[in-house]
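What's in protein-v6.tsv: TSV, C-alpha atoms
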```tsv
chain	number	residue	atom	x	y	z
A	1	MET	CA	-12.02	281.28	158.09
A	2	THR	CA	-13.04	278.59	160.54
A	3	ASN	CA	-11.55	275.41	161.91
A	4	SER	CA	-14.88	273.59	162.12
A	5	PHE	CA	-15.63	271.16	159.34
A	6	GLN	CA	-19.33	271.54	160.03
A	7	ASN	CA	-19.14	274.94	158.37
A	8	PHE	CA	-17.96	273.52	155.05
A	9	ASP	CA	-20.16	274.08	152.05
A	10	ARG	CA	-20.80	270.37	151.67
A	11	ARG	CA	-23.20	271.01	148.81
A	12	GLN	CA	-20.30	272.41	146.81
A	13	LEU	CA	-17.88	269.77	147.98
A	14	MET	CA	-20.04	266.76	147.39
A	15	THR	CA	-22.26	267.56	144.44
A	16	GLY	CA	-21.86	264.60	142.11
A	17	ALA	CA	-19.21	261.95	141.88
A	18	GLY	CA	-16.69	264.42	140.51
A	19	ALA	CA	-16.67	266.57	143.62
A	20	LEU	CA	-16.24	263.59	145.92
A	21	LEU	CA	-13.65	262.12	143.64
A	22	GLY	CA	-11.74	265.36	143.80
A	23	ALA	CA	-11.83	265.64	147.53
A	24	SER	CA	-10.49	262.15	147.92
A	25	TRP	CA	-8.25	261.29	145.01
A	26	PHE	CA	-6.35	264.55	145.15
A	27	LEU	CA	-5.24	263.70	148.63
A	28	GLY	CA	-4.00	260.30	147.65
A	29	GLY	CA	-1.12	262.04	145.91
A	30	ARG	CA	0.29	260.03	143.05
A	31	ALA	CA	4.00	260.37	142.23
A	32	ARG	CA	5.16	263.94	142.46
A	33	ALA	CA	6.48	265.32	139.21
A	34	TRP	CA	9.08	267.56	140.78
A	35	GLY	CA	11.04	268.18	143.95
A	36	GLY	CA	8.27	269.75	146.01
A	37	LEU	CA	8.88	270.38	149.68
A	38	ASP	CA	12.03	268.31	149.91
A	39	GLY	CA	13.72	270.52	147.32
A	40	LYS	CA	15.21	267.55	145.45
A	41	SER	CA	15.75	268.00	141.77
A	42	GLY	CA	13.32	266.50	139.30
A	43	ASP	CA	11.25	267.72	136.42
A	44	PRO	CA	10.68	271.49	136.38
A	45	ALA	CA	7.80	272.72	138.49
A	46	PRO	CA	4.69	273.12	136.35
A	47	ARG	CA	3.28	276.51	135.52
A	48	THR	CA	0.56	277.41	137.97
A	49	LEU	CA	-1.99	280.16	138.51
A	50	LEU	CA	-3.17	281.71	141.77
A	51	LEU	CA	-6.55	283.41	141.44
A	52	LEU	CA	-7.22	285.97	144.17
A	53	GLU	CA	-10.77	287.29	144.05
A	54	LEU	CA	-11.73	290.51	145.85
A	55	ASN	CA	-15.33	289.60	146.55
A	56	GLY	CA	-18.01	292.25	146.73
A	57	GLY	CA	-16.79	294.75	144.15
A	58	ASN	CA	-13.45	296.34	144.94
A	59	ASP	CA	-13.24	300.10	144.50
A	60	GLY	CA	-10.61	300.38	141.80
A	61	LEU	CA	-10.49	304.17	142.03
A	62	ASP	CA	-9.33	303.91	145.64
A	63	THR	CA	-6.93	301.07	144.85
A	64	VAL	CA	-5.08	302.70	141.97
A	65	ILE	CA	-6.01	306.31	142.61
A	66	PRO	CA	-6.11	308.85	139.74
A	67	PHE	CA	-5.03	311.63	142.09
A	68	GLY	CA	-4.17	313.85	139.10
A	69	GLU	CA	-7.85	314.03	138.10
A	70	ASP	CA	-9.94	316.86	139.48
A	71	ALA	CA	-13.02	314.74	138.80
A	72	TYR	CA	-11.85	312.14	141.32
A	73	HIS	CA	-11.54	314.67	144.14
A	74	SER	CA	-14.75	316.56	143.29
A	75	SER	CA	-16.75	313.33	143.09
A	76	ARG	CA	-15.52	312.00	146.41
A	77	THR	CA	-15.79	314.84	148.83
A	78	ARG	CA	-16.76	312.46	151.68
A	79	VAL	CA	-14.42	309.51	151.25
A	80	GLY	CA	-11.76	310.49	148.73
A	81	ILE	CA	-8.05	310.08	149.47
A	82	ALA	CA	-5.92	313.20	149.43
A	83	ALA	CA	-3.22	313.40	146.78
A	84	SER	CA	-0.64	313.90	149.51
A	85	SER	CA	-1.41	310.42	150.92
A	86	VAL	CA	-1.16	308.49	147.67
A	87	LEU	CA	1.82	306.21	146.98
A	88	ARG	CA	2.61	307.75	143.62
A	89	LEU	CA	3.41	305.61	140.60
A	90	ASP	CA	3.60	308.60	138.27
A	91	ASP	CA	2.16	312.11	138.03
A	92	TYR	CA	-1.37	310.84	137.46
A	93	ARG	CA	-1.99	307.70	139.52
A	94	GLY	CA	-0.79	306.00	142.67
A	95	PHE	CA	-1.51	303.20	145.11
A	96	HIS	CA	-3.74	303.34	148.14
A	97	PRO	CA	-1.56	304.39	151.09
A	98	ASN	CA	-1.93	300.94	152.70
A	99	LEU	CA	-0.44	299.12	149.68
A	100	LYS	CA	3.13	299.78	150.72
A	101	GLY	CA	4.26	296.20	150.22
A	102	LEU	CA	2.78	296.00	146.73
A	103	ARG	CA	4.35	299.33	145.93
A	104	GLY	CA	7.67	297.62	146.64
A	105	VAL	CA	6.72	294.79	144.27
A	106	TRP	CA	5.89	297.44	141.65
A	107	ASP	CA	9.26	299.09	142.16
A	108	GLU	CA	10.90	295.69	141.62
A	109	GLY	CA	9.14	295.39	138.26
A	110	GLN	CA	6.94	292.42	139.13
A	111	LEU	CA	3.47	293.96	139.31
A	112	ALA	CA	1.39	294.63	136.21
A	113	ILE	CA	-1.73	296.81	136.46
A	114	VAL	CA	-4.35	296.25	133.78
A	115	GLU	CA	-6.49	299.36	133.84
A	116	GLY	CA	-10.19	299.68	133.12
A	117	ALA	CA	-11.01	295.97	133.07
A	118	GLY	CA	-14.64	295.10	132.48
A	119	TYR	CA	-17.04	293.87	129.81
A	120	PRO	CA	-19.77	295.23	127.50
A	121	GLN	CA	-23.20	295.99	128.95
A	122	PRO	CA	-22.00	295.76	132.55
A	123	ASN	CA	-24.28	294.37	135.22
A	124	HIS	CA	-24.46	295.73	138.78
A	125	SER	CA	-25.61	292.44	140.31
A	126	HIS	CA	-22.91	290.66	142.30
A	127	PHE	CA	-24.16	287.24	141.25
A	128	THR	CA	-24.58	288.00	137.56
A	129	SER	CA	-21.28	289.81	137.25
A	130	GLN	CA	-19.42	287.11	139.17
A	131	ASP	CA	-20.88	284.49	136.85
A	132	ILE	CA	-19.63	286.46	133.85
A	133	TRP	CA	-16.12	286.74	135.28
A	134	HIS	CA	-16.17	283.11	136.44
A	135	THR	CA	-17.19	281.69	133.06
A	136	GLY	CA	-15.57	284.28	130.80
A	137	GLN	CA	-18.86	284.56	128.93
A	138	LEU	CA	-21.71	287.08	129.08
A	139	THR	CA	-24.26	284.27	129.39
A	140	GLY	CA	-22.76	283.26	132.73
A	141	ARG	CA	-23.65	279.82	134.03
A	142	ALA	CA	-25.72	279.12	130.94
A	143	ALA	CA	-22.36	278.69	129.18
A	144	GLY	CA	-21.65	275.58	131.24
A	145	ASP	CA	-18.51	275.02	133.29
A	146	GLY	CA	-16.35	277.75	134.76
A	147	TRP	CA	-13.36	278.93	132.77
A	148	VAL	CA	-10.92	277.12	135.06
A	149	GLY	CA	-13.03	273.97	134.84
A	150	ARG	CA	-12.83	274.15	131.07
A	151	LEU	CA	-9.08	274.77	131.33
A	152	MET	CA	-8.71	271.55	133.33
A	153	ALA	CA	-10.54	269.66	130.60
A	154	ARG	CA	-8.07	271.03	128.05
A	155	LEU	CA	-4.96	270.38	130.11
A	156	TYR	CA	-6.03	266.90	131.21
A	157	PRO	CA	-8.41	265.52	128.57
A	158	THR	CA	-7.90	261.91	129.62
A	159	ASP	CA	-6.85	262.31	133.27
A	160	ARG	CA	-10.01	262.71	135.29
A	161	SER	CA	-8.82	260.89	138.39
A	162	GLU	CA	-7.06	263.67	140.30
A	163	PRO	CA	-8.02	267.30	140.65
A	164	HIS	CA	-5.53	269.95	139.65
A	165	ALA	CA	-7.60	272.93	140.82
A	166	VAL	CA	-8.06	273.79	144.50
A	167	HIS	CA	-10.00	276.52	146.29
A	168	VAL	CA	-9.18	277.50	149.87
A	169	GLY	CA	-12.49	278.64	151.32
A	170	GLN	CA	-15.98	277.53	152.28
A	171	THR	CA	-17.68	278.18	148.94
A	172	LEU	CA	-16.34	277.00	145.61
A	173	PRO	CA	-16.23	279.84	143.06
A	174	TYR	CA	-18.06	278.97	139.88
A	175	SER	CA	-14.86	279.58	137.91
A	176	LEU	CA	-13.63	276.21	139.16
A	177	HIS	CA	-16.87	274.37	138.47
A	178	SER	CA	-16.34	271.34	136.25
A	179	SER	CA	-18.76	268.69	135.04
A	180	THR	CA	-15.91	266.42	133.98
A	181	HIS	CA	-12.97	266.91	136.35
A	182	PRO	CA	-12.69	266.74	140.15
A	183	ILE	CA	-12.12	269.96	142.06
A	184	VAL	CA	-11.18	270.44	145.72
A	185	CYS	CA	-12.70	273.06	148.01
A	186	PHE	CA	-11.89	273.29	151.73
A	187	ASP	CA	-11.75	275.90	154.43
A	188	SER	CA	-8.42	275.06	156.06
A	189	PRO	CA	-6.16	271.99	156.24
A	190	PRO	CA	-6.89	271.27	159.92
A	191	ALA	CA	-10.60	271.50	159.15
A	192	TYR	CA	-10.32	269.21	156.16
A	193	ARG	CA	-11.79	266.39	158.21
A	194	TRP	CA	-15.16	266.15	156.53
A	195	ALA	CA	-13.68	263.18	154.71
A	196	GLU	CA	-13.43	261.35	158.00
A	197	ASN	CA	-17.17	260.88	157.68
A	198	GLY	CA	-16.44	258.88	154.54
A	199	LYS	CA	-17.41	255.53	156.08
A	200	ALA	CA	-20.75	256.97	157.09
A	201	ILE	CA	-21.26	258.19	153.55
A	202	ALA	CA	-20.37	254.78	152.15
A	203	ALA	CA	-22.68	253.06	154.63
A	204	ALA	CA	-25.53	255.39	153.71
A	205	ALA	CA	-24.98	254.62	150.05
A	206	THR	CA	-24.96	250.88	150.78
A	207	LYS	CA	-28.33	251.09	152.54
A	208	ARG	CA	-29.86	252.12	149.25
A	209	GLY	CA	-29.63	248.44	148.26
A	210	ASP	CA	-27.38	246.09	146.41
A	211	LYS	CA	-29.62	246.39	143.39
A	212	MET	CA	-27.89	249.72	142.70
A	213	SER	CA	-24.45	248.16	142.66
A	214	GLY	CA	-24.46	248.40	138.88
A	215	ASN	CA	-24.30	252.18	139.17
A	216	SER	CA	-20.61	252.84	138.56
A	217	SER	CA	-20.75	256.38	139.99
A	218	LEU	CA	-22.29	255.15	143.22
A	219	ASP	CA	-19.81	252.30	143.43
A	220	THR	CA	-16.98	254.77	142.99
A	221	ILE	CA	-18.37	257.05	145.68
A	222	ARG	CA	-18.68	254.13	148.09
A	223	GLY	CA	-15.14	252.97	147.56
A	224	ILE	CA	-13.57	256.41	147.76
A	225	ALA	CA	-15.66	257.57	150.70
A	226	ALA	CA	-14.58	254.52	152.66
A	227	ASN	CA	-10.94	255.48	152.19
A	228	ALA	CA	-11.35	259.25	152.43
A	229	LYS	CA	-10.04	259.44	155.98
A	230	ILE	CA	-6.68	258.06	154.95
A	231	SER	CA	-6.28	260.34	151.96
A	232	SER	CA	-7.39	263.50	153.74
A	233	SER	CA	-4.18	263.43	155.73
A	234	GLU	CA	-2.19	264.36	152.63
A	235	VAL	CA	-3.33	267.98	152.56
A	236	ARG	CA	-2.96	268.36	156.31
A	237	LYS	CA	0.52	266.87	156.07
A	238	ALA	CA	1.53	269.25	153.27
A	239	ALA	CA	0.37	272.26	155.26
A	240	ALA	CA	1.87	271.04	158.55
A	241	GLN	CA	5.27	270.33	157.01
A	242	TYR	CA	5.48	273.62	155.16
A	243	VAL	CA	7.96	276.07	156.64
A	244	PRO	CA	7.35	279.55	155.20
A	245	ARG	CA	10.32	281.83	154.73
A	246	VAL	CA	8.37	284.86	155.92
A	247	ASP	CA	5.79	285.59	158.59
A	248	TYR	CA	2.26	285.64	157.22
A	249	PRO	CA	-0.31	287.97	158.80
A	250	LYS	CA	-2.87	286.31	161.07
A	251	THR	CA	-5.71	287.66	158.92
A	252	ASP	CA	-8.00	285.28	157.04
A	253	ILE	CA	-6.47	286.23	153.70
A	254	GLY	CA	-2.96	285.95	155.09
A	255	GLN	CA	-3.55	282.44	156.40
A	256	ASP	CA	-5.38	281.36	153.24
A	257	LEU	CA	-2.44	282.50	151.12
A	258	LYS	CA	-0.08	280.65	153.42
A	259	THR	CA	-2.11	277.50	152.78
A	260	ALA	CA	-1.99	278.21	149.05
A	261	ALA	CA	1.79	278.54	149.20
A	262	ALA	CA	2.08	275.25	151.07
A	263	LEU	CA	0.03	273.33	148.53
A	264	LEU	CA	1.76	274.91	145.54
A	265	ALA	CA	5.16	274.11	147.04
A	266	SER	CA	4.22	270.56	148.00
A	267	GLY	CA	4.30	269.26	144.45
A	268	ILE	CA	1.00	267.37	144.75
A	269	GLY	CA	-0.16	268.45	141.32
A	270	VAL	CA	-2.04	271.72	141.82
A	271	ARG	CA	-2.18	273.83	138.67
A	272	VAL	CA	-4.74	276.45	139.73
A	273	MET	CA	-5.16	277.71	143.30
A	274	SER	CA	-8.09	279.94	144.21
A	275	VAL	CA	-8.46	282.22	147.24
A	276	THR	CA	-11.17	284.76	148.03
A	277	HIS	CA	-10.84	287.95	150.08
A	278	TYR	CA	-14.27	289.04	151.30
A	279	GLY	CA	-15.77	292.36	152.38
A	280	TYR	CA	-15.48	294.71	149.41
A	281	ASP	CA	-19.15	295.71	149.16
A	282	THR	CA	-18.62	299.11	150.78
A	283	HIS	CA	-21.97	300.88	150.41
A	284	GLU	CA	-21.34	302.62	153.72
A	285	ASP	CA	-18.39	303.50	155.92
A	286	HIS	CA	-16.21	303.03	152.86
A	287	ARG	CA	-13.08	304.80	154.01
A	288	ARG	CA	-12.54	302.80	157.18
A	289	ARG	CA	-13.55	299.47	155.66
A	290	HIS	CA	-11.62	299.83	152.42
A	291	ASP	CA	-8.53	301.04	154.25
A	292	GLN	CA	-8.62	297.88	156.35
A	293	LEU	CA	-9.14	295.66	153.31
A	294	MET	CA	-6.24	297.24	151.46
A	295	GLY	CA	-3.99	296.64	154.45
A	296	GLU	CA	-5.06	293.00	154.68
A	297	LEU	CA	-4.59	292.46	150.95
A	298	ASP	CA	-1.18	294.08	151.01
A	299	GLY	CA	0.03	292.11	154.00
A	300	GLY	CA	-1.17	288.74	152.76
A	301	LEU	CA	-0.21	289.04	149.10
A	302	THR	CA	3.17	290.62	149.78
A	303	ALA	CA	4.01	287.80	152.21
A	304	PHE	CA	2.99	285.20	149.62
A	305	LEU	CA	5.14	286.78	146.91
A	306	ARG	CA	8.17	287.11	149.20
A	307	ASP	CA	7.74	283.57	150.45
A	308	MET	CA	7.46	282.02	147.01
A	309	ARG	CA	10.13	284.05	145.24
A	310	GLY	CA	13.20	282.08	144.23
A	311	THR	CA	11.58	278.68	144.73
A	312	PRO	CA	10.70	276.31	141.87
A	313	ALA	CA	7.00	276.70	142.62
A	314	GLY	CA	7.20	280.46	143.06
A	315	ASP	CA	9.18	281.08	139.90
A	316	ASN	CA	6.44	279.30	137.96
A	317	CYS	CA	3.41	280.86	139.65
A	318	LEU	CA	1.40	283.65	138.04
A	319	VAL	CA	-0.94	285.60	140.34
A	320	LEU	CA	-4.13	287.22	139.02
A	321	VAL	CA	-6.11	289.56	141.29
A	322	PHE	CA	-9.61	290.60	140.21
A	323	SER	CA	-13.06	291.67	141.39
A	324	GLU	CA	-16.50	291.30	139.82
A	325	PHE	CA	-16.82	295.04	139.30
A	326	GLY	CA	-15.58	298.36	140.61
A	327	ARG	CA	-17.54	301.08	142.39
A	328	ARG	CA	-19.24	304.19	141.07
A	329	VAL	CA	-17.26	307.39	140.65
A	330	ALA	CA	-19.17	309.48	143.22
A	331	ASP	CA	-19.59	308.64	146.87
A	332	ASN	CA	-23.03	308.44	148.50
A	333	ALA	CA	-24.73	310.02	151.50
A	334	SER	CA	-23.80	307.02	153.68
A	335	ASN	CA	-20.10	307.72	153.25
A	336	GLY	CA	-19.96	304.73	150.94
A	337	ILE	CA	-19.75	303.97	147.24
A	338	ASP	CA	-22.28	301.94	145.29
A	339	HIS	CA	-21.81	299.23	142.66
A	340	GLY	CA	-19.92	300.33	139.58
A	341	THR	CA	-18.30	298.79	136.54
A	342	ALA	CA	-14.65	298.84	135.46
A	343	GLY	CA	-11.65	298.34	137.73
A	344	PRO	CA	-8.02	297.23	137.67
A	345	ILE	CA	-6.66	293.70	137.42
A	346	PHE	CA	-3.32	292.94	139.06
A	347	LEU	CA	-0.92	290.38	137.61
A	348	THR	CA	2.12	289.66	139.71
A	349	GLY	CA	4.79	287.14	140.53
A	350	THR	CA	8.24	286.26	139.23
A	351	PRO	CA	7.00	285.63	135.65
A	352	VAL	CA	5.48	289.10	135.35
A	353	LYS	CA	6.90	292.13	133.58
A	354	GLY	CA	5.54	294.99	135.63
A	355	GLY	CA	4.01	298.19	134.36
A	356	LEU	CA	0.76	299.71	133.16
A	357	TYR	CA	-1.34	297.87	130.60
A	358	GLY	CA	-4.53	298.94	128.93
A	359	LYS	CA	-5.86	302.47	129.32
A	360	HIS	CA	-7.29	304.25	132.32
A	361	PRO	CA	-11.02	304.93	131.88
A	362	ALA	CA	-11.85	308.53	131.04
A	363	MET	CA	-12.80	310.53	134.09
A	364	GLN	CA	-14.92	312.94	132.05
A	365	ASP	CA	-16.97	310.43	130.05
A	366	PHE	CA	-19.16	308.45	132.42
A	367	LEU	CA	-22.05	306.11	131.67
A	368	ASP	CA	-24.80	306.87	134.17
A	369	GLY	CA	-22.19	307.71	136.79
A	370	ASP	CA	-20.00	304.71	136.00
A	371	LEU	CA	-16.60	304.34	134.39
A	372	VAL	CA	-16.61	302.96	130.86
A	373	HIS	CA	-14.36	299.92	130.60
A	374	THR	CA	-11.35	300.18	128.30
A	375	THR	CA	-10.03	296.59	128.55
A	376	ASP	CA	-12.16	293.49	128.13
A	377	PHE	CA	-11.13	291.22	130.99
A	378	ARG	CA	-11.25	288.26	128.64
A	379	THR	CA	-8.20	289.59	126.81
A	380	VAL	CA	-6.36	288.98	130.09
A	381	TYR	CA	-7.82	285.48	130.41
A	382	ALA	CA	-6.85	284.79	126.80
A	383	GLY	CA	-3.26	285.76	127.54
A	384	VAL	CA	-3.16	283.51	130.60
A	385	LEU	CA	-4.62	280.59	128.66
A	386	GLU	CA	-2.51	280.94	125.54
A	387	ARG	CA	0.79	282.31	126.76
A	388	TRP	CA	0.94	280.77	130.22
A	389	PHE	CA	-0.83	277.44	129.87
A	390	GLY	CA	-0.35	276.99	126.13
A	391	VAL	CA	-3.96	276.17	125.27
A	392	GLU	CA	-6.37	277.70	122.80
A	393	SER	CA	-8.52	280.32	124.47
A	394	GLU	CA	-11.46	280.38	122.07
A	395	PRO	CA	-12.99	277.02	123.11
A	396	ILE	CA	-12.77	278.11	126.75
A	397	LEU	CA	-14.00	281.69	126.39
A	398	GLY	CA	-16.54	280.99	123.67
A	399	ALA	CA	-15.10	283.60	121.32
A	400	ARG	CA	-11.80	284.89	120.05
A	401	TYR	CA	-10.15	287.70	122.02
A	402	ASP	CA	-6.84	289.33	121.26
A	403	ALA	CA	-4.67	288.24	124.16
A	404	LEU	CA	-3.19	291.06	126.22
A	405	GLN	CA	0.51	291.17	125.42
A	406	GLY	CA	3.68	292.13	127.22
A	407	TYR	CA	3.09	291.29	130.86
A	408	LEU	CA	4.90	287.93	130.88
A	409	THR	CA	8.68	287.86	130.91
```

Any chance you could put this one into C-alpha cells?
Amino acid sequence: MTNSFQNFDRRQLMTGAGALLGASWFLGGRARAWGGLDGKSGDPAPRTLLLLELNGGNDGLDTVIPFGEDAYHSSRTRVGIAASSVLRLDDYRGFHPNLKGLRGVWDEGQLAIVEGAGYPQPNHSHFTSQDIWHTGQLTGRAAGDGWVGRLMARLYPTDRSEPHAVHVGQTLPYSLHSSTHPIVCFDSPPAYRWAENGKAIAAAATKRGDKMSGNSSLDTIRGIAANAKISSSEVRKAAAQYVPRVDYPKTDIGQDLKTAAALLASGIGVRVMSVTHYGYDTHEDHRRRHDQLMGELDGGLTAFLRDMRGTPAGDNCLVLVFSEFGRRVADNASNGIDHGTAGPIFLTGTPVKGGLYGKHPAMQDFLDGDLVHTTDFRTVYAGVLERWFGVESEPILGARYDALQGYLT
C-alpha cells in the first residue's frame, strides 16, 4: 500500500463516465440511512459484504490442513506442516499454526469453512481463473460485468448516481466492474487525492471544443471533475474520524481492513467492500512465505472482526474469503508448490453459523496431481445473493445453482 496518488491505477479509476462518476459522487455523501459513526439511531444498517481475495492462489492444504491424511505428509516432504503443529479442529483437519485468532473465531461459532471450492475444467492461469471467480461464469470477461457489478444493477436498478461498491487497493478487481453503475477504487484515504486534479481534467475536456458540449457524458465528467476536490474529502474524513476499538496490525492487509471498517461504519452507503491480500503465488520458498501470509491474514481479519462485532455495521456484515485456486498436492524441488485447483472458502462475521460445509476433496483421487473440487464456488455466491441480499442469483451467475445452505444464522 502506498500514500502516493501517482501510483493509483488511473486507468481503472477513470475508464468511462461511470468510473469518474463513482469516484466523485460517492464522496458527496447523500443523506445517511442509518446512524453511522455518530451511533445515533435510525434505520437499520444495511446488509453488506466484505470480499477478501487471497491473490496468487492460496494453498488451501496448508490453510486448513488434513493432518490425518498420510497422503498429505508423504506428498509434502519438503514443506509440509507436522501434525503436532496444527491447530486442530477435529481428528482429521486443523488450521495453520499462525491462524490462532481465526481459530478463536471458529471456537466462537462464527467461522464457516466451505471445503473443496472450485469449478469444472479448472484453469491454472491466474488471469483466467480470476476472471471466472470474478464473473461467476466459465466464460470470464466475455460474460460482461463482474458479479458484484451485476449485483449493483439488481439492487439499484434506477439509482446510478452513487456507487455502493468500493475496493481498497490500486487495481480494481473485475468482480466489481460495472458498465452501468459507478464503482470506487483507491489505495488509501490519505492518498485519495487524485480527485484534486479534477479541475485539470475538466479544463482538458473543455479544450476539446464547445462543439462537444452536446455530449452528456463529457458534460457530466466536466462538472463532476471540477468539484471532485470538495467531494474527495468525504472518504478522508470518514477514515480520519473513525476510532477503532482494537489495534490493527501495521501490515498492508491490516491497514486496508481498518479502512474497510471505517467506510462500512461511516454509513455512506457502501454495500460491498473489496480488499486484496497479495503474495500467495508460492512456487518457491513456500514454507516461510506462506507462514508469513497466514500470520498477516490472521492478524488483519481477526482485528476487523473484533472491531466490528456488536456494532450496527458489524452485525450486518458478511465476510467472504477466497482465492482463484489452490496449490497442487505435492511440493516441488524449489521448496514451493505450483498452481492447483480446489481450496477452501471462509465465511465469517456475526451473521455466520460456523462449521464445516461441503466435503473435503479426496486425498487419494487426484486429477493430474490436483485436488478434484467438491463444491462449486457459485453455490456459495448463490447463497450470498439470494439469502443475504435477497436477489435472484440466476441472472447474475448466468445459470441456476443450488445455494449453499446453513451458514447464515

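Computed from the coordinates, the atom CA of A:Leu318 to atom CA of A:Gly146 distance equals 19.0 Å.
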
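Checking A:His360, A:Arg327, A:His181, A:His339 one by one against A:Ala165, counting only C-alpha atoms, you find the shortest gap at A:His181.
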
Which of A:Arg306, A:Arg154, A:Arg287, A:His277 sits closest to A:Val246 [using only C-alpha atoms]:
A:Arg306

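Distance annotation: of A:Gly279, A:Gln241, A:Glu296, A:His167, the residue with the minimal separation from A:Ser323 is A:Gly279; atom set is only C-alpha atoms.
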
Using all atoms listed in the file, which of A:Glu162, A:Glu108, A:Asp59, A:Asp90 sits nearest A:Val270?
A:Glu162

Can you sort out stretch 111-122 of chain A so it carries N, CA and C atoms, written as a PDB file, keeping the file's coordinate frame?
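For reference, part26.pdb as written:
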```pdb
ATOM      1  N   LEU A 111       4.910 293.747 139.153  1.00  0.00           N
ATOM      2  CA  LEU A 111       3.470 293.960 139.310  1.00  0.00           C
ATOM      3  C   LEU A 111       2.948 294.692 138.080  1.00  0.00           C
ATOM      4  N   ALA A 112       2.046 294.038 137.372  1.00  0.00           N
ATOM      5  CA  ALA A 112       1.390 294.630 136.210  1.00  0.00           C
ATOM      6  C   ALA A 112      -0.014 295.068 136.600  1.00  0.00           C
ATOM      7  N   ILE A 113      -0.388 296.274 136.212  1.00  0.00           N
ATOM      8  CA  ILE A 113      -1.730 296.810 136.460  1.00  0.00           C
ATOM      9  C   ILE A 113      -2.439 296.903 135.123  1.00  0.00           C
ATOM     10  N   VAL A 114      -3.524 296.155 134.976  1.00  0.00           N
ATOM     11  CA  VAL A 114      -4.350 296.250 133.780  1.00  0.00           C
ATOM     12  C   VAL A 114      -5.502 297.185 134.112  1.00  0.00           C
ATOM     13  N   GLU A 115      -5.532 298.327 133.480  1.00  0.00           N
ATOM     14  CA  GLU A 115      -6.490 299.360 133.840  1.00  0.00           C
ATOM     15  C   GLU A 115      -7.815 299.196 133.093  1.00  0.00           C
ATOM     16  N   GLY A 116      -8.886 299.619 133.762  1.00  0.00           N
ATOM     17  CA  GLY A 116     -10.190 299.680 133.120  1.00  0.00           C
ATOM     18  C   GLY A 116     -10.774 298.352 132.700  1.00  0.00           C
ATOM     19  N   ALA A 117     -10.523 297.291 133.454  1.00  0.00           N
ATOM     20  CA  ALA A 117     -11.010 295.970 133.070  1.00  0.00           C
ATOM     21  C   ALA A 117     -12.511 295.839 133.334  1.00  0.00           C
ATOM     22  N   GLY A 118     -13.204 295.301 132.361  1.00  0.00           N
ATOM     23  CA  GLY A 118     -14.640 295.100 132.480  1.00  0.00           C
ATOM     24  C   GLY A 118     -15.157 294.344 131.277  1.00  0.00           C
ATOM     25  N   TYR A 119     -16.425 294.563 130.938  1.00  0.00           N
ATOM     26  CA  TYR A 119     -17.040 293.870 129.810  1.00  0.00           C
ATOM     27  C   TYR A 119     -18.209 294.703 129.304  1.00  0.00           C
ATOM     28  N   PRO A 120     -18.660 294.456 128.061  1.00  0.00           N
ATOM     29  CA  PRO A 120     -19.770 295.230 127.500  1.00  0.00           C
ATOM     30  C   PRO A 120     -21.060 295.029 128.284  1.00  0.00           C
ATOM     31  N   GLN A 121     -21.912 296.037 128.274  1.00  0.00           N
ATOM     32  CA  GLN A 121     -23.200 295.990 128.950  1.00  0.00           C
ATOM     33  C   GLN A 121     -23.050 295.497 130.390  1.00  0.00           C
ATOM     34  N   PRO A 122     -22.307 296.216 131.185  1.00  0.00           N
ATOM     35  CA  PRO A 122     -22.000 295.760 132.550  1.00  0.00           C
ATOM     36  C   PRO A 122     -23.254 295.606 133.404  1.00  0.00           C
TER      37      PRO A 122
END
```
